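Report on one structure; see the data block that follows.
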Amino acid sequence: MKITAIKTIVVNANTKNWIFVKVETDEGLVGWGEASLEHRVKSVVGCIEDLSHYIIGQDPTRIEYLYQIMYRQPFWRAGVIGMSALSGIEMACWDIFGKSLNMPVYKLLGGKVRDKIRMYDHPGGGNADIVYFKETVESMTENAIKSVEDGYTAIKIMVVPRTELLDGHKVLNHAQTLMESIRNAVGDDIDIMVDFHGRTTPDMAIQYAKVLAPYRPFFIEEPCLPDNVLGMVKVSENTDIPIATGERLVTRFQFRELLEKGAVAVIQPNISHCGGLWEAKKIAAMAETYYVSVAPHNPLGPVTTAASIAFATSTPNWLIQESFRKDVPWRDEVVINPVQIEKGYVIPSERPGLGVEVDEKAAAKYPFKQDAFMRYFNDDGSVGDF
């Protein structure tokens with residue numbers, strides 16, 4: 001079997017675009033992957049075209065070999081754009097491999113280590129006009145209650161505004177009030193994760209952690225950007241709340257120092273960015289030797305969700321899986337056999353490959369639109385973080 005073509009289908013999903021990758025073969029088997037990367041659509045699509053020249057004519061089931069070609073043979077090691085392109089192609093090759101053997105991908109990744117996959121929800125929304133700090137305490141609390149009523153036993157919220165280097169009492173008080181309201185509303189049996197979105201400095205993150213600690217967050221996500229590992233270490237050493245990060249990191253090499261320095265309790269590779277399923281498995285195996293859990297990042301499309309389920313099904317130190325359902329009401333319409341979440345859990349599919357197929361006619365209803373390049377500024381006019 002040989003790869004004959006690699007194509008992309010871009011679907012506009014409100015404030016972002018999903019990049020579906022279609023790998024075709026001379027035996028008629030087609031594999032689907034996803035390489036979605038916010039605000040970098042044209043760059044990723046172009047990179048997929050570049051990488052295709054390296055592997056057209058190759059056997060799609062030689063996945064490690066193809067990864068090595070795409071990663072090592074270009075002179076420059078890839079960043080998040082190149083690795084997202086590689087990840088989408090790699091994911092589609094796994095889909096072909098599973099279909100060629102008539103078995104689900106998770107069986108090729110080591111087999112089932114659990115029977116169901118726990119998902120968590122985003123009660124903060126996902127629409128373009130929602131800015132978390134402008135949400136009222138009441139509205140976010142109502143959203144959290146709705147998530148629990150829908151069967152989720154875990155939710156992730158954002159309580160940190162787009163901040164200055166140091167913030168005062170007002171924002172800390174808001175974070176505490178919001179966390180207290182949601183905790184009181186959902187009760188002690190619901191796990192609440194708090195996403196800082198990399199907006200805070202280490203010192204500011206420590207202050208936020210202190211006001212949130214009484215409400216027992218499941219973990220704090222991205223308390224600061226991961227490019228300063230010692231900053232992450234400082235946060236970790238000054239709070240009892242587990243620290244999670246990794247959505248902005250690609251390949252096992254970028255996770256190494258975090259693990260070696262004991263900076264995190266949970267890593268969050270995104271399978272559509274980090275290098276694909278096999279690289280995510282390698283990252284997870286590294287983390288396991290440090291007693292670190294894996295909670296893959298995924299605010300992306302339905303193909304990434306299917307790949308994340310295959311990973312979760314076969315990975316022993318997997319912890320919990322992010323799900324996203326409020327970006328567009330038709331997200332499941334663009335794929336055949338979408339992942340089904342029932343009472344906050346997914347039962348792994350026995351369908352061959354990743355178990356989902358992109359419906360190209362349905363996808364064509366939502367063609368590419370340029371992402372809204374969101375710009376954020378502080379009160380004094382200086383540039384703020386997303």
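Please note that chains go A, B, ... in the order of the structure tokens, that every chain numbers its residues from 1, and that ligands are numbered from 1 in the order shown.
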Item to complete: Excluding stretch 3-16 of chain A and residues on its chain fewer than 2 positions from it, collect all residues at most 8 Å away from it, counting only C-alpha atoms, and give them as a ChimeraX atom specification.
Response: /A:1,18-26,38-39,45,48-49,52,55-60,89,127-128,327-328,331,363-364,366-369,371-372
Practice prompt. Give the strand (DSSP E) residues of stretch 26-234 of chain A, as assigned by DSSP on the backbone, as a VMD selection string.
Written response: chain A and resid 30 to 34 117 to 120 154 to 157 191 to 195 220 to 221
Residues from the last selection, C-alpha atoms, saved as an mmCIF file, in the first residue's frame:
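What landed in result-v3.cif:
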```
data_model
loop_
_atom_site.group_PDB
_atom_site.id
_atom_site.type_symbol
_atom_site.label_atom_id
_atom_site.label_comp_id
_atom_site.auth_asym_id
_atom_site.auth_seq_id
_atom_site.Cartn_x
_atom_site.Cartn_y
_atom_site.Cartn_z
ATOM 1 C CA VAL A 30 -8.519 6.817 3.163
ATOM 2 C CA GLY A 31 -7.321 8.094 6.520
ATOM 3 C CA TRP A 32 -8.450 11.205 8.384
ATOM 4 C CA GLY A 33 -6.422 13.363 10.745
ATOM 5 C CA GLU A 34 -6.680 16.858 12.165
ATOM 6 C CA ILE A 117 -13.166 7.653 29.297
ATOM 7 C CA ARG A 118 -13.990 10.428 31.749
ATOM 8 C CA MET A 119 -14.531 13.791 30.044
ATOM 9 C CA TYR A 120 -14.657 17.302 31.439
ATOM 10 C CA ALA A 154 -15.578 17.505 36.125
ATOM 11 C CA ILE A 155 -15.479 21.023 34.692
ATOM 12 C CA LYS A 156 -12.820 23.584 33.777
ATOM 13 C CA ILE A 157 -13.285 27.291 34.380
ATOM 14 C CA ASP A 191 -13.799 18.234 40.198
ATOM 15 C CA ILE A 192 -13.060 21.816 39.159
ATOM 16 C CA MET A 193 -10.001 22.634 37.082
ATOM 17 C CA VAL A 194 -8.875 26.256 36.763
ATOM 18 C CA ASP A 195 -7.223 27.457 33.548
ATOM 19 C CA ILE A 220 -4.300 24.646 37.900
ATOM 20 C CA GLU A 221 -3.587 24.823 34.183
#
```
Close residues, A:Ser323 itself excluded, 8 Å, only C-alpha atoms, min 4 positions apart in chain, as a PDB file with C-alpha atoms, in the first residue's frame:
```pdb
ATOM      1  CA  MET A 119     -14.531  13.791  30.044  1.00  0.00           C
ATOM      2  CA  TYR A 120     -14.657  17.302  31.439  1.00  0.00           C
ATOM      3  CA  ASP A 121     -16.759  20.221  30.235  1.00  0.00           C
ATOM      4  CA  HIS A 122     -16.232  23.967  29.727  1.00  0.00           C
ATOM      5  CA  ASN A 298      -8.297  19.504  23.060  1.00  0.00           C
ATOM      6  CA  PRO A 299     -10.487  22.513  22.306  1.00  0.00           C
ATOM      7  CA  THR A 305     -11.434  14.172  19.883  1.00  0.00           C
TER       8      THR A 305
END
```
Practice prompt. Using only C-alpha atoms, determine which residues lie at most 12 Å from stretch 340-348 of chain A, disregarding the query and same-chain residues fewer than 4 positions distant; provide the list as a PyMOL selection string.
Written response: chain A and resi 104-107+111-122+147-155+190+302+305-314+320-325+331-332+335-336+352-356
Practice prompt. Kindly indicate which residue among A:Arg199, A:Lys2, A:His174, A:Arg77 lies nearest to A:Val250, using only C-alpha atoms for the distances.
Written response: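 Of the candidates, the smallest distance to A:Val250 is held by A:Arg77.
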Discussion item. Please return, as JSON, numbers by chain, all residues of stretch 146-385 of chain A that DSSP assigns to alpha helix (DSSP H) on the basis of the backbone.
Written reply: {"A": [146, 147, 148, 149, 169, 170, 171, 172, 173, 174, 175, 176, 177, 178, 179, 180, 181, 182, 183, 184, 185, 186, 202, 203, 204, 205, 206, 207, 208, 209, 210, 211, 212, 229, 230, 231, 232, 233, 234, 235, 236, 237, 251, 252, 253, 254, 255, 256, 257, 258, 259, 260, 277, 278, 279, 280, 281, 282, 283, 284, 285, 286, 287, 288, 302, 303, 304, 305, 306, 307, 308, 309, 310, 311, 312, 313, 314, 360, 361, 362, 363]}
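With atom CA of A:Phe253 on one side and atom CA of A:Ile283 on the other, the separation reads 8.7 Å.
Nearest to A:Glu279 of all the residues A:Ala85, A:Pro329, A:Tyr67, A:Leu225 is A:Tyr67, based on only C-alpha atoms.
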